Amino acid sequence: MQIASWNVNSLKVRLPQVLDWLRENPVDALALQETKLKDENFPVEALRDAGYAAVFAGQSAYNGVAVLSRSPITAVRTGLPGFDDPQQRVLACTIGPLRLINLYVPNGQSVDSDKYVYKLDWLARLRDYLQAELAEHPHLAVVGDFNIAPDDRDVHDPAAWAGQVLCSEPERKALQVLLDLGLTDSLRLHESAGGIYSWWDYRMMAFRRKRGLRIDLVLVSAALATLCEESRIDATPRGWERPSDHAPVIARFRNLS
DNA sequence: ATGGTCGTCTCACGA
């Protein structure tokens with residue numbers, strides 16, 4: 001089984017690229033973030049024609065998450081329990097033996113912003129949710145745009161980014177609290193090198209200059225980690241015409257149909 | 001040089 005996650009920064013704009021990418025990379029499931037679509041505008045038919053069922057939780061202009069799957073999707077839940085938030089950032093579902101949680105973690109804007117306070121509060125609530133989901137689902141993958149670079153290997157210029165949003169200690173500690181529940185950053189199961197990025201700012205030709213961050217992650221439970229054969233980032237679509245600022249991340253599991 | 005570029009409900013804001 002192969003799964004992927006991609007912050008598309010508007011599915012309306014990026015739908016042709018998603019369809020092109022799926023033709024080349026026919027993953028079993030694809031989690032999308034920043035769809036920026038109301039549910040009534042979600043391109044259900046185009047994706048069905050491409051062989052994918054879809055579940056989605058969207059809103060106008062901002063946020064929005066979706067999961068596409070070649071096999072049926074069940075047990076769908078949106079949002080964080082006990083947190084009545086209009087921002088659509090969380091979508092959990094079951095696909096065969098896999099429990100998948102798709103996240104668009106708040107960006108936080110800057111460490112002195114009230115959005116940063118919201119981000120850390122949101123991550124604390126997420127911890128409790130993931131703890132409950134892990135207790136119920138041994139084969140759990142938590143994927144998405146975490147808006148946190150786990151460590152300095154994941155940052156093109158750690159000195160410039162030190163203490164900044166996406167790299168600050170409180171954010172990294174909040175991510176570590178999630179990992180301490182029994183989750184593993186799947187890319188690090190197979191790769192210890194730095195310089196592997198999933199996001200490049202649109203400005204200053206950051207992609208061409210290889211100035212990126214790795215903030216899009218596939219976290220896996222212990223049982224899933226033993227089955228994980230591969231975890232990588234496909235930077236190709238970032239080089240396409242009119243790209244998303246994020247690249248898709250992919251993980252493959254054996255003995256998981 | 002405190003900018004730069006995207007996408008959106010576009011002359012403002014979020015990323």
# chains A, B, ... in the order shown; residues from 1 in each chain; ligands from 1
>>> select_by_dssp(residues="segment 134-198 of chain A", states="strand (DSSP E)", output="MDAnalysis selection string")
chainID A and resid 140:145 183:185
>>> residues_around(residues="segment 130-132 of chain A", least_positions_apart="4", cutoff="9 Å", atoms="only C-alpha atoms (C1' of nucleotides)", output="ChimeraX atom specification")
/A:101,125-126,136-137,142,178,181-182
>>> interface_residues(of="chain B", to="chain A", cutoff="6 Å", atoms="only C-alpha atoms (C1' of nucleotides)", output="VMD selection string")
chain B and resid 4 to 5 8
>>> closest_residue(among="A:Ala29, A:Ala75, A:Val155, A:Leu120", to="Ala174 of chain A", atoms="only C-alpha atoms")
A:Leu120
>>> atom_distance(atom1="atom CA of Leu30 of chain A", atom2="atom CA of Gly96 of chain A")
14.3 Å
>>> atom_distance(atom1="atom CA of Ala149 of chain A", atom2="atom CA of Pro248 of chain A")
15.6 Å
